[in-house]
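Participant: Structure: data.cif, mmCIF, C-alpha atoms.
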data_data
#
loop_
_atom_site.label_atom_id
_atom_site.label_comp_id
_atom_site.auth_asym_id
_atom_site.auth_seq_id
_atom_site.Cartn_x
_atom_site.Cartn_y
_atom_site.Cartn_z
CA MET A 1 0.00 0.00 0.00
CA TRP A 2 2.86 2.38 0.81
CA GLN A 3 4.37 1.76 -2.61
CA ALA A 4 1.06 2.58 -4.31
CA ILE A 5 0.75 5.81 -2.30
CA GLN A 6 4.35 6.76 -3.09
CA SER A 7 3.85 6.18 -6.81
CA ARG A 8 0.71 8.29 -6.66
CA GLU A 9 2.54 11.14 -4.86
CA THR A 10 5.42 11.10 -7.33
CA GLY A 11 3.03 11.18 -10.29
CA ARG A 12 3.88 7.75 -11.69
CA THR A 13 0.27 6.63 -11.10
CA ARG A 14 -2.66 8.72 -12.24
CA PRO A 15 -5.44 9.54 -9.73
CA ASN A 16 -8.07 7.48 -11.56
CA SER A 17 -5.72 4.52 -11.83
CA PHE A 18 -4.86 4.71 -8.13
CA SER A 19 -8.55 4.89 -7.20
CA ASN A 20 -9.41 1.91 -9.42
CA GLN A 21 -6.55 -0.15 -7.98
CA LEU A 22 -7.71 0.56 -4.44
CA LYS A 23 -11.36 -0.28 -5.23
CA SER A 24 -10.36 -3.45 -7.06
CA ARG A 25 -8.26 -4.53 -4.09
CA ARG A 26 -11.15 -3.93 -1.71
CA ILE A 27 -13.73 -5.73 -3.85
CA SER A 28 -11.52 -8.78 -4.32
CA SER A 29 -11.24 -9.14 -0.53
CA LEU A 30 -14.97 -9.07 0.26
CA GLN A 31 -16.00 -11.26 3.19
CA LEU A 32 -18.78 -11.48 5.73
CA SER A 33 -18.44 -8.39 7.88
CA ASN A 34 -17.63 -8.89 11.56
CA ARG A 35 -17.95 -5.15 12.30
CA LYS A 36 -21.34 -4.26 10.84
CA ASP A 37 -24.70 -5.95 11.40
CA PHE A 38 -28.19 -5.03 10.17
CA VAL A 39 -30.97 -5.76 12.67
CA SER A 40 -33.75 -6.89 10.36
CA PRO A 41 -37.31 -5.96 11.40
CA HIS A 42 -38.80 -8.25 8.73
CA ARG A 43 -40.69 -11.42 9.62
CA GLY A 44 -40.66 -12.81 6.11
CA SER A 45 -38.39 -13.36 3.15
CA VAL A 46 -36.59 -10.17 2.09
CA ASN A 47 -37.34 -9.75 -1.63
CA SER A 48 -35.77 -6.42 -2.57
CA LEU A 49 -32.77 -4.24 -1.67
CA GLN A 50 -31.57 -0.93 -3.09
CA VAL A 51 -29.10 1.75 -2.01
CA ASP A 52 -30.12 5.30 -2.83
CA LEU A 53 -28.51 6.76 -5.95
CA THR A 54 -27.80 10.23 -4.57
CA GLU A 55 -25.79 9.67 -1.37
CA GLY A 56 -25.12 5.93 -1.48
CA ARG A 57 -26.03 5.80 2.19
CA TYR A 58 -29.60 4.63 2.79
CA LEU A 59 -30.60 1.03 2.15
CA LEU A 60 -34.25 0.27 1.29
CA SER A 61 -35.68 -3.22 1.79
CA GLY A 62 -39.01 -4.92 1.13
CA ALA A 63 -40.19 -8.25 2.54
CA SER A 64 -42.88 -10.92 2.20
CA ASP A 65 -44.58 -9.89 5.45
CA GLY A 66 -45.76 -6.70 3.72
CA SER A 67 -43.16 -4.45 5.35
CA ALA A 68 -40.56 -2.04 3.99
CA ALA A 69 -37.66 -0.56 5.96
CA VAL A 70 -34.89 2.02 5.55
CA PHE A 71 -31.41 1.58 7.05
CA ASP A 72 -28.55 4.05 7.46
CA THR A 73 -25.46 2.16 6.31
CA GLN A 74 -22.98 4.75 7.63
CA ARG A 75 -24.29 5.66 11.08
CA ALA A 76 -24.89 2.89 13.59
CA THR A 77 -27.70 3.06 16.13
CA ASP A 78 -26.10 0.73 18.67
CA SER A 79 -22.95 -1.31 19.29
CA GLU A 80 -21.85 -4.57 20.87
CA ALA A 81 -18.60 -6.17 22.09
CA SER A 82 -17.19 -2.92 23.47
CA GLY A 83 -18.00 -1.03 20.29
CA LEU A 84 -16.38 -3.49 17.89
CA ILE A 85 -19.67 -4.53 16.25
CA ALA A 86 -21.86 -1.72 14.92
CA LYS A 87 -25.59 -2.46 15.03
CA HIS A 88 -27.71 -0.79 12.38
CA LYS A 89 -31.40 -0.74 13.22
CA CYS A 90 -33.89 0.56 10.69
CA VAL A 91 -34.49 4.30 10.66
CA PHE A 92 -38.19 3.62 10.14
CA SER A 93 -40.42 0.89 8.69
CA VAL A 94 -43.95 0.51 7.39
CA ASP A 95 -45.84 -2.77 7.76
CA LYS A 96 -49.34 -4.20 7.68
CA GLY A 97 -50.23 -2.29 10.85
CA HIS A 98 -49.70 1.01 9.04
CA GLU A 99 -52.89 2.68 7.85
CA HIS A 100 -51.54 2.78 4.28
CA GLY A 101 -49.46 -0.40 4.47
CA HIS A 102 -49.54 -3.30 2.04
CA LYS A 103 -51.74 -6.26 2.92
CA PHE A 104 -49.59 -8.87 1.18
CA ALA A 105 -45.92 -9.45 0.31
CA VAL A 106 -43.80 -6.52 -0.89
CA SER A 107 -42.03 -7.83 -3.98
CA SER A 108 -40.16 -4.68 -5.00
CA ALA A 109 -38.90 -1.52 -3.30
CA VAL A 110 -36.97 1.19 -5.18
CA TRP A 111 -35.80 4.72 -4.40
CA TYR A 112 -36.88 7.80 -6.27
CA PRO A 113 -33.70 8.41 -8.31
CA ILE A 114 -33.39 12.16 -7.76
CA ASP A 115 -33.42 12.26 -3.95
CA THR A 116 -34.32 10.18 -0.92
CA GLY A 117 -37.57 12.01 -0.24
CA LEU A 118 -39.66 9.36 -2.01
CA PHE A 119 -39.59 5.62 -2.49
CA VAL A 120 -41.82 3.17 -4.34
CA THR A 121 -43.10 -0.24 -3.27
CA GLY A 122 -44.93 -2.90 -5.28
CA SER A 123 -46.88 -5.71 -3.69
CA PHE A 124 -48.88 -8.87 -4.31
CA ASP A 125 -51.98 -6.93 -3.17
CA HIS A 126 -52.07 -5.47 -6.73
CA LEU A 127 -50.94 -2.03 -5.53
CA ILE A 128 -47.96 0.22 -6.20
CA LYS A 129 -47.48 2.88 -3.55
CA VAL A 130 -45.31 6.00 -3.57
CA TRP A 131 -44.18 6.93 -0.06
CA ASP A 132 -43.00 10.17 1.49
CA THR A 133 -39.86 9.30 3.44
CA ASN A 134 -40.15 12.21 5.89
CA THR A 135 -43.72 11.46 6.98
CA ALA A 136 -43.82 7.69 6.21
CA GLN A 137 -47.16 8.22 4.45
CA ALA A 138 -48.33 6.96 1.05
CA VAL A 139 -48.89 9.91 -1.30
CA VAL A 140 -49.87 8.10 -4.54
CA ASP A 141 -51.47 4.69 -5.20
CA PHE A 142 -51.68 2.76 -8.47
CA LYS A 143 -54.10 -0.13 -8.81
CA MET A 144 -52.63 -2.88 -11.00
CA PRO A 145 -54.49 -5.77 -12.69
CA GLY A 146 -52.48 -8.47 -10.89
CA LYS A 147 -49.61 -9.25 -8.55
CA VAL A 148 -46.68 -6.86 -8.90
CA TYR A 149 -43.43 -8.71 -9.53
CA ARG A 150 -41.00 -5.86 -10.13
CA THR A 151 -40.88 -2.06 -10.36
CA ALA A 152 -38.14 0.18 -11.74
CA MET A 153 -37.38 3.88 -12.28
CA SER A 154 -34.84 5.33 -14.69
CA SER A 155 -31.73 6.82 -13.09
CA LEU A 156 -31.18 9.03 -16.16
CA ALA A 157 -34.67 10.45 -16.60
CA MET A 158 -34.78 14.24 -16.83
CA SER A 159 -38.12 14.64 -18.59
CA HIS A 160 -40.33 11.99 -16.99
CA THR A 161 -41.02 10.32 -13.62
CA LEU A 162 -42.35 6.98 -14.82
CA ILE A 163 -42.49 3.76 -12.83
CA ALA A 164 -42.22 0.64 -14.98
CA ALA A 165 -44.24 -2.19 -13.47
CA GLY A 166 -44.07 -5.87 -14.33
CA THR A 167 -47.06 -7.87 -13.10
CA GLU A 168 -48.70 -11.24 -13.66
CA ASP A 169 -50.64 -9.54 -16.46
CA VAL A 170 -49.19 -9.73 -19.97
CA GLN A 171 -48.99 -5.94 -20.30
CA VAL A 172 -46.27 -3.69 -18.91
CA ARG A 173 -47.64 -0.49 -17.42
CA LEU A 174 -45.87 2.82 -16.89
CA CYS A 175 -47.17 4.83 -13.94
CA ASP A 176 -46.68 8.61 -13.90
CA ILE A 177 -46.07 10.00 -10.42
CA ALA A 178 -46.79 13.57 -11.55
CA SER A 179 -50.32 12.81 -12.78
CA GLY A 180 -51.10 9.77 -10.65
CA ALA A 181 -52.29 7.80 -13.68
CA PHE A 182 -51.03 5.30 -16.23
CA SER A 183 -49.24 6.94 -19.16
CA HIS A 184 -48.34 3.87 -21.24
CA THR A 185 -49.45 0.28 -21.68
CA LEU A 186 -46.88 -1.90 -23.47
CA SER A 187 -48.32 -5.02 -25.08
CA GLY A 188 -46.30 -7.87 -26.53
CA HIS A 189 -45.56 -10.48 -23.87
CA ARG A 190 -47.65 -13.66 -23.83
CA ASP A 191 -47.34 -14.28 -20.11
CA GLY A 192 -46.63 -12.38 -16.92
CA VAL A 193 -43.67 -9.98 -16.75
CA MET A 194 -41.29 -10.92 -13.94
CA SER A 195 -38.44 -8.41 -14.49
CA VAL A 196 -38.12 -4.84 -15.75
CA GLU A 197 -34.97 -2.75 -16.16
CA TRP A 198 -34.37 0.73 -17.57
CA SER A 199 -31.46 1.36 -19.89
CA THR A 200 -28.42 3.05 -18.36
CA SER A 201 -27.65 4.90 -21.61
CA SER A 202 -31.09 6.26 -22.59
CA GLU A 203 -33.99 7.46 -20.48
CA TRP A 204 -36.49 6.26 -23.11
CA VAL A 205 -35.43 2.61 -23.46
CA LEU A 206 -36.92 -0.10 -21.25
CA TYR A 207 -36.01 -3.82 -21.03
CA THR A 208 -38.60 -6.36 -19.90
CA GLY A 209 -38.37 -10.10 -19.29
CA GLY A 210 -41.43 -12.30 -19.18
CA CYS A 211 -42.51 -15.74 -18.07
CA ASP A 212 -42.77 -16.59 -21.79
CA GLY A 213 -38.96 -16.56 -21.99
CA ALA A 214 -38.83 -13.37 -24.08
CA ILE A 215 -36.78 -10.23 -23.46
CA ARG A 216 -38.21 -7.19 -25.20
CA PHE A 217 -36.72 -3.75 -25.83
CA TRP A 218 -39.13 -0.81 -25.77
CA ASP A 219 -38.77 2.82 -26.80
CA ILE A 220 -41.57 4.44 -24.82
CA ARG A 221 -41.83 7.27 -27.37
CA ARG A 222 -42.99 4.82 -30.03
CA ALA A 223 -45.63 2.13 -30.34
CA GLY A 224 -44.63 -1.50 -29.89
CA CYS A 225 -41.30 -3.06 -28.97
CA PHE A 226 -38.42 -2.53 -31.37
CA ARG A 227 -36.44 -5.68 -30.53
CA VAL A 228 -36.98 -9.20 -29.21
CA LEU A 229 -33.81 -10.99 -28.17
CA ASP A 230 -33.21 -14.37 -29.79
CA GLN A 231 -30.80 -16.79 -28.12
CA SER A 232 -29.95 -18.34 -31.51
CA VAL A 233 -28.65 -15.00 -32.88
CA THR A 234 -25.10 -14.94 -31.54
CA GLN A 235 -21.76 -13.23 -31.75
CA LEU A 236 -18.45 -14.40 -30.32
CA GLY A 237 -16.97 -12.19 -27.65
CA VAL A 238 -17.59 -8.58 -26.79
CA ARG A 239 -18.27 -5.74 -29.18
CA PRO A 240 -15.29 -4.80 -31.41
CA PRO A 241 -13.73 -1.33 -31.02
CA ILE A 242 -15.50 1.45 -32.90
CA LEU A 243 -12.48 2.42 -35.00
CA LYS A 244 -11.87 -1.16 -36.06
CA HIS A 245 -15.53 -1.69 -36.84
CA THR A 246 -15.74 1.43 -39.01
CA ALA A 247 -12.50 0.54 -40.79
CA VAL A 248 -13.88 -2.88 -41.70
CA ASN A 249 -17.11 -1.36 -42.97
CA ASN A 250 -15.22 1.20 -45.07
CA LYS A 251 -13.07 -1.55 -46.56
CA VAL A 252 -16.10 -3.66 -47.47
CA SER A 253 -17.90 -0.70 -49.03
CA ALA A 254 -14.77 0.21 -51.01
CA GLU A 255 -14.50 -3.35 -52.34
CA LYS A 256 -18.16 -3.33 -53.34
CA SER A 257 -17.83 -0.02 -55.15
CA SER A 258 -14.70 -1.17 -57.00
CA SER A 259 -16.34 -4.45 -58.04
CA GLY A 260 -19.40 -2.55 -59.16
CA GLY A 261 -17.24 -0.24 -61.28
CA LYS A 262 -15.50 -3.18 -62.94
CA ASN A 263 -18.82 -4.80 -63.81
CA ARG A 264 -20.03 -1.60 -65.42
CA LEU A 265 -16.90 -1.40 -67.56
CA LYS A 266 -17.30 -4.99 -68.77
CA THR A 267 -20.97 -4.57 -69.75
CA PRO A 268 -21.33 -4.23 -73.57
CA GLN A 269 -23.43 -1.51 -75.17
CA SER A 270 -25.77 -4.01 -76.84
CA LYS A 271 -27.04 -5.26 -73.44
CA HIS A 272 -28.18 -1.89 -72.22
CA THR A 273 -31.77 -3.09 -71.81
CA GLY A 274 -30.59 -6.04 -69.71
CA SER A 275 -28.75 -3.71 -67.39
CA GLN A 276 -31.91 -1.66 -67.01
CA ASN A 277 -33.82 -4.83 -66.06
CA MET A 278 -31.11 -5.67 -63.50
CA LYS A 279 -31.41 -2.19 -62.05
CA GLY A 280 -35.18 -2.58 -61.90
CA SER A 281 -34.96 -5.91 -60.10
CA SER A 282 -32.43 -4.52 -57.65
CA SER A 283 -34.72 -1.57 -56.90
CA VAL A 284 -37.61 -3.97 -56.29
CA LYS A 285 -35.44 -5.98 -53.86
CA ALA A 286 -34.43 -2.80 -52.09
CA SER A 287 -38.05 -1.72 -51.71
CA VAL A 288 -38.98 -5.16 -50.34
CA GLU A 289 -36.13 -4.96 -47.82
CA LYS A 290 -37.23 -1.47 -46.79
CA SER A 291 -40.78 -2.70 -46.27
CA ARG A 292 -39.46 -5.55 -44.12
CA GLN A 293 -37.46 -3.14 -42.02
CA LYS A 294 -40.54 -0.98 -41.56
CA ARG A 295 -42.56 -4.03 -40.53
CA LEU A 296 -40.12 -4.74 -37.73
CA HIS A 297 -41.68 -1.82 -35.89
CA PRO A 298 -44.33 -1.56 -34.59
CA GLY A 299 -45.75 -4.75 -36.11
CA MET A 300 -42.99 -7.36 -36.09
CA LEU A 301 -42.86 -10.41 -38.30
CA SER A 302 -44.30 -13.43 -36.51
CA THR A 303 -41.01 -15.36 -36.66
CA LEU A 304 -39.14 -12.53 -34.94
CA ASP A 305 -41.92 -11.74 -32.51
CA ARG A 306 -41.89 -15.28 -31.10
CA ALA A 307 -38.15 -15.42 -30.37
CA THR A 308 -37.08 -16.48 -26.87
CA ALA A 309 -34.04 -15.60 -24.81
CA HIS A 310 -34.36 -18.38 -22.21
CA TYR A 311 -35.95 -21.82 -22.02
CA GLY A 312 -38.22 -20.69 -19.23
CA ALA A 313 -39.15 -17.52 -17.38
CA VAL A 314 -36.76 -14.57 -17.33
CA THR A 315 -36.26 -14.04 -13.60
CA GLY A 316 -33.70 -11.22 -13.57
CA LEU A 317 -32.31 -8.39 -15.71
CA LYS A 318 -29.37 -6.09 -15.06
CA ALA A 319 -27.87 -3.50 -17.43
CA THR A 320 -24.19 -2.65 -17.18
CA ASN A 321 -23.34 0.87 -16.08
CA ASP A 322 -22.12 1.86 -19.56
CA GLY A 323 -25.34 0.63 -21.16
CA MET A 324 -23.56 -1.55 -23.71
CA TYR A 325 -24.57 -4.94 -22.33
CA LEU A 326 -27.53 -6.57 -20.61
CA LEU A 327 -27.34 -9.51 -18.20
CA SER A 328 -30.27 -11.89 -17.89
CA ALA A 329 -31.06 -14.82 -15.61
CA GLY A 330 -33.71 -17.44 -16.29
CA SER A 331 -35.50 -20.34 -14.70
CA ASP A 332 -33.39 -22.58 -16.96
CA SER A 333 -30.49 -21.79 -14.54
CA ARG A 334 -28.66 -19.87 -17.26
CA ILE A 335 -27.05 -16.44 -17.18
CA LYS A 336 -26.56 -14.71 -20.50
CA LEU A 337 -24.79 -11.56 -21.63
CA TRP A 338 -26.42 -9.61 -24.48
CA ASP A 339 -25.09 -6.83 -26.69
CA THR A 340 -27.71 -4.09 -26.50
CA GLN A 341 -26.73 -2.54 -29.83
CA SER A 342 -26.91 -5.65 -31.99
CA GLY A 343 -29.19 -7.72 -29.75
CA CYS A 344 -26.86 -10.71 -30.05
CA ASN A 345 -26.11 -13.38 -27.49
CA THR A 346 -22.37 -13.16 -26.73
CA LEU A 347 -22.19 -16.90 -25.94
CA LEU A 348 -20.36 -16.24 -22.68
CA ASN A 349 -20.40 -19.39 -20.54
CA PHE A 350 -21.12 -18.54 -16.91
CA GLU A 351 -20.27 -21.30 -14.43
CA THR A 352 -23.72 -21.29 -12.86
CA GLY A 353 -25.30 -23.81 -10.59
CA ARG A 354 -28.96 -23.74 -9.64
CA LEU A 355 -31.03 -20.58 -9.77
CA GLN A 356 -34.45 -19.97 -8.29
CA THR A 357 -37.20 -20.81 -10.75
CA ASN A 358 -40.41 -19.62 -9.12
CA LYS A 359 -39.62 -15.99 -8.23
CA ALA A 360 -37.67 -12.97 -9.44
CA ILE A 361 -34.06 -12.52 -8.34
CA GLN A 362 -31.98 -9.35 -8.18
CA LEU A 363 -28.53 -9.22 -9.79
CA ALA A 364 -25.75 -6.73 -9.03
CA THR A 365 -22.60 -5.61 -10.87
CA SER A 366 -19.35 -3.83 -10.10
CA ASP A 367 -17.22 -1.89 -12.56
CA ASP A 368 -13.60 -2.46 -11.58
CA PRO A 369 -13.13 -5.36 -11.44
CA ALA A 370 -16.10 -6.18 -13.69
CA LEU A 371 -18.02 -8.71 -11.60
CA VAL A 372 -21.59 -10.04 -11.62
CA PHE A 373 -23.12 -11.02 -8.28
CA VAL A 374 -25.78 -13.71 -8.71
CA PRO A 375 -27.94 -15.43 -6.04
CA CYS A 376 -27.44 -19.18 -6.50
CA MET A 377 -29.79 -20.81 -3.99
CA LYS A 378 -28.09 -20.51 -0.56
CA THR A 379 -24.89 -18.92 -1.90
CA VAL A 380 -23.96 -15.80 -3.86
CA ASN A 381 -21.47 -16.25 -6.69
CA ALA A 382 -19.36 -13.48 -8.19
CA PHE A 383 -18.55 -14.14 -11.86
CA GLY A 384 -16.10 -12.34 -14.08
CA MET A 385 -18.08 -10.21 -16.50
CA TRP A 386 -16.00 -11.17 -19.54
CA SER A 387 -14.75 -14.62 -18.51
CA GLY A 388 -17.78 -16.16 -16.81
CA ARG A 389 -15.57 -17.80 -14.20
CA THR A 390 -16.41 -17.87 -10.53
CA THR A 391 -14.02 -15.53 -8.72
CA LEU A 392 -15.73 -15.28 -5.33
CA MET A 393 -18.33 -17.34 -3.48
CA PHE A 394 -20.22 -16.00 -0.46
CA ARG A 395 -21.74 -18.42 2.05
CA GLY A 396 -23.67 -17.12 5.03
CA HIS A 397 -27.41 -17.47 4.42
CA TYR A 398 -29.32 -20.44 5.80
CA GLU A 399 -31.98 -20.39 3.06
CA SER A 400 -32.30 -19.27 -0.56
CA VAL A 401 -30.85 -15.85 -1.44
CA ASN A 402 -33.19 -13.50 -3.31
CA THR A 403 -31.30 -10.24 -3.82
CA CYS A 404 -27.83 -8.77 -4.26
CA CYS A 405 -27.12 -5.06 -3.97
CA PHE A 406 -23.64 -3.57 -4.46
CA ASN A 407 -22.75 -0.24 -2.86
CA SER A 408 -20.08 1.36 -5.04
CA THR A 409 -19.49 4.14 -2.48
CA ASP A 410 -18.17 1.84 0.26
CA GLN A 411 -17.43 -1.23 -1.95
CA GLU A 412 -19.85 -3.29 0.13
CA LEU A 413 -22.25 -6.02 -0.93
CA TYR A 414 -25.66 -6.46 0.69
CA THR A 415 -27.60 -9.72 0.31
CA SER A 416 -30.94 -10.92 1.61
CA GLY A 417 -32.98 -14.08 1.40
CA ALA A 418 -35.68 -16.32 2.76
CA ASP A 419 -33.96 -16.50 6.16
CA ARG A 420 -35.19 -12.91 6.80
CA GLN A 421 -31.64 -11.64 7.23
CA ILE A 422 -29.73 -8.84 5.52
CA LEU A 423 -26.01 -9.64 5.45
CA VAL A 424 -23.13 -7.23 4.84
CA TRP A 425 -20.03 -8.28 2.92
CA SER A 426 -17.21 -5.81 3.51
CA PRO A 427 -13.59 -5.64 2.33
CA GLY A 428 -11.37 -7.74 4.57
CA GLY A 429 -8.79 -5.96 6.72
CA SER A 430 -8.16 -2.23 6.38
CA MET A 431 -5.72 0.22 4.90
CA GLU A 432 -3.99 0.56 8.27
CA ASP A 433 -3.43 -3.21 8.43
CA ASP A 434 -1.87 -3.19 4.97
CA MET A 435 0.45 -0.36 5.97
CA VAL A 436 1.51 -2.17 9.15
CA GLN A 437 2.29 -5.29 7.12
CA ASP A 438 4.42 -3.25 4.71
CA GLU A 439 6.29 -1.73 7.67
CA GLU A 440 6.92 -5.16 9.21
CA VAL A 441 8.36 -6.45 5.96
CA ALA A 442 10.67 -3.49 5.51
CA GLU A 443 11.56 -2.76 9.15
CA ASP A 444 15.03 -4.47 9.00
CA LYS A 445 15.96 -3.18 5.56
CA ASP A 446 18.10 -0.14 6.45
CA ASN A 447 21.74 0.83 5.91
CA TRP A 448 22.64 0.74 9.58
CA SER A 449 21.59 -2.78 10.54
CA ASP A 450 24.39 -5.24 11.28
#
Represent the structure contained in this file as structure tokens.
Facilitator:
Amino acid sequence: MWQAIQSRETGRTRPNSFSNQLKSRRISSLQLSNRKDFVSPHRGSVNSLQVDLTEGRYLLSGASDGSAAVFDTQRATDSEASGLIAKHKCVFSVDKGHEHGHKFAVSSAVWYPIDTGLFVTGSFDHLIKVWDTNTAQAVVDFKMPGKVYRTAMSSLAMSHTLIAAGTEDVQVRLCDIASGAFSHTLSGHRDGVMSVEWSTSSEWVLYTGGCDGAIRFWDIRRAGCFRVLDQSVTQLGVRPPILKHTAVNNKVSAEKSSSGGKNRLKTPQSKHTGSQNMKGSSSVKASVEKSRQKRLHPGMLSTLDRATAHYGAVTGLKATNDGMYLLSAGSDSRIKLWDTQSGCNTLLNFETGRLQTNKAIQLATSDDPALVFVPCMKTVNAFGMWSGRTTLMFRGHYESVNTCCFNSTDQELYTSGADRQILVWSPGGSMEDDMVQDEEVAEDKDNWSD
């Protein structure tokens, strides 16, 4: 650690590189925290976790007993073992006893992305509620046609405050907080919608995964979905660099133009009418292709509209922070990485075990190193984003794990499951311990020792 600090002070290491090295070192040493403990008020399976996007401090949870709670991850409310173990009790909670509380299980709980003054809960009682954090009162209610599986809000939205809701109904509904009514109804799935995820590169693009095994891309400014992912449409590896891709395209277009010029030179004058017929047929083909492209949106061809991404229900979706890739989990116990630009399956082989098949799960990602945290029954596995290999395995829950939430501010991982517990996985050791180890190694290396 001292060497890294010295190289940073002398200018040999750039600030961003030093920060990434430190974060990568902390993430790779994650382990069950023995200094921080969340005192869960829930009496049922914890189905949802999210850290607020503004401060990275407050953790929101929702459980099967109809309750939702907020925790302060930075300030402890109590301590044990002479102050060595920090106890974090919930700042406040709402349950069935609340006058506006949910009557059945809370399946999803998300923060309002702009500040921590509002949060949203979705429940099996067919209701989506918007809560005022300061007063712990419900300010807006949305009545849904069925059980609510998942809700999501865009972290990039500057011109709308829409809540995307996936329910047991085949339609995806967008709820507008400003008006208190539904603004959109997205039709296309043939079964319930278990997962919804907003794009991290555009505030208008929404990803949905249904029990029919389909993943659909929606542009909410237009009618119908503009893409259905097909697991048989593949590409090897990640997306090629932009410069290389454009160079290849320019080379191909140059070859086509040169071959076209040679063909025109070889055509005799007597076959002028034949060349006109060829041009006419080519124009007809072009018009047919254009009509096909137009038919892809909003009314897709039946063969494309029935494509599937998983052999079973899509139980989880997670977009990477750069918006270039989408991760999906299914009841077929498969995890897949998709290129959002081309819609291709990258054929990355994740070393998965068993995944939950009857309920939605929540995935989490980290940037540096690029890891994917996946609930695999009673364990949580961390896979390399580009290798698919298991780099870390977290064991601590007594029953199935439902959610993973990564806090990039403190490099901590929060997990919850059917055992009603919320566990904290923190970086092992500390910076002071690393410095002491460096001093112990170098304590006898001086010019005056005998």
Participant: Kindly resolve the PyMOL selection byres ((chain A and resi 48) around 9) on the present coordinates and return the residues as a list in words.
Facilitator: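 Matching residues under the PyMOL selection byres ((chain A and resi 48) around 9) are Val46, Asn47, Leu49, Gln50, Leu60, Ser61, Gly62, Ala63, Val106, Ser107, Ser108, Ala109, Val110, Ile361, Gln362, Asn402, Thr403, Cys404, Cys405 and Ser416 of chain A.
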Participant: I'd like the residues picked by the PyMOL selection byres ((chain A and resi 380-395) around 7) written out as a ChimeraX atom specification, using the chain letters and numbers from the file.
Facilitator: /A:348-351,370-376,379,396-397
Participant: Just to confirm, what's the straight-line distance from atom CA of A:Arg43 to atom CA of A:Asp169 in Å (one decimal)?
Facilitator: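 These two atoms are separated by 28.0 Å.
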Participant: Counting only C-alpha atoms, which residue out of A:Leu22, A:Leu363, A:Ala157, A:Ala181 sits closest to A:Ala319?
Facilitator: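 Looking only at the distances to A:Ala319, the closest residue turns out to be A:Leu363.
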Participant: In Å to one decimal, how far is atom CA of A:Ser195 from atom CA of A:Ser93?
Facilitator: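 Calculated distance between atom CA of A:Ser93 and atom CA of A:Ser195 is 25.1 Å.
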Participant: Quick one: distance from atom CA of A:Asn407 to atom CA of A:Asp95 in Å, one decimal?
Facilitator: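 Between these atoms lies a distance of 25.5 Å.
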Participant: Restricting the calculation to all atoms listed in the file: of A:Leu317, A:Leu337, A:Leu32, A:Ala214, which residue gets closest to A:Thr234?
Facilitator: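 That would be A:Leu337, the residue with the smallest distance to A:Thr234.
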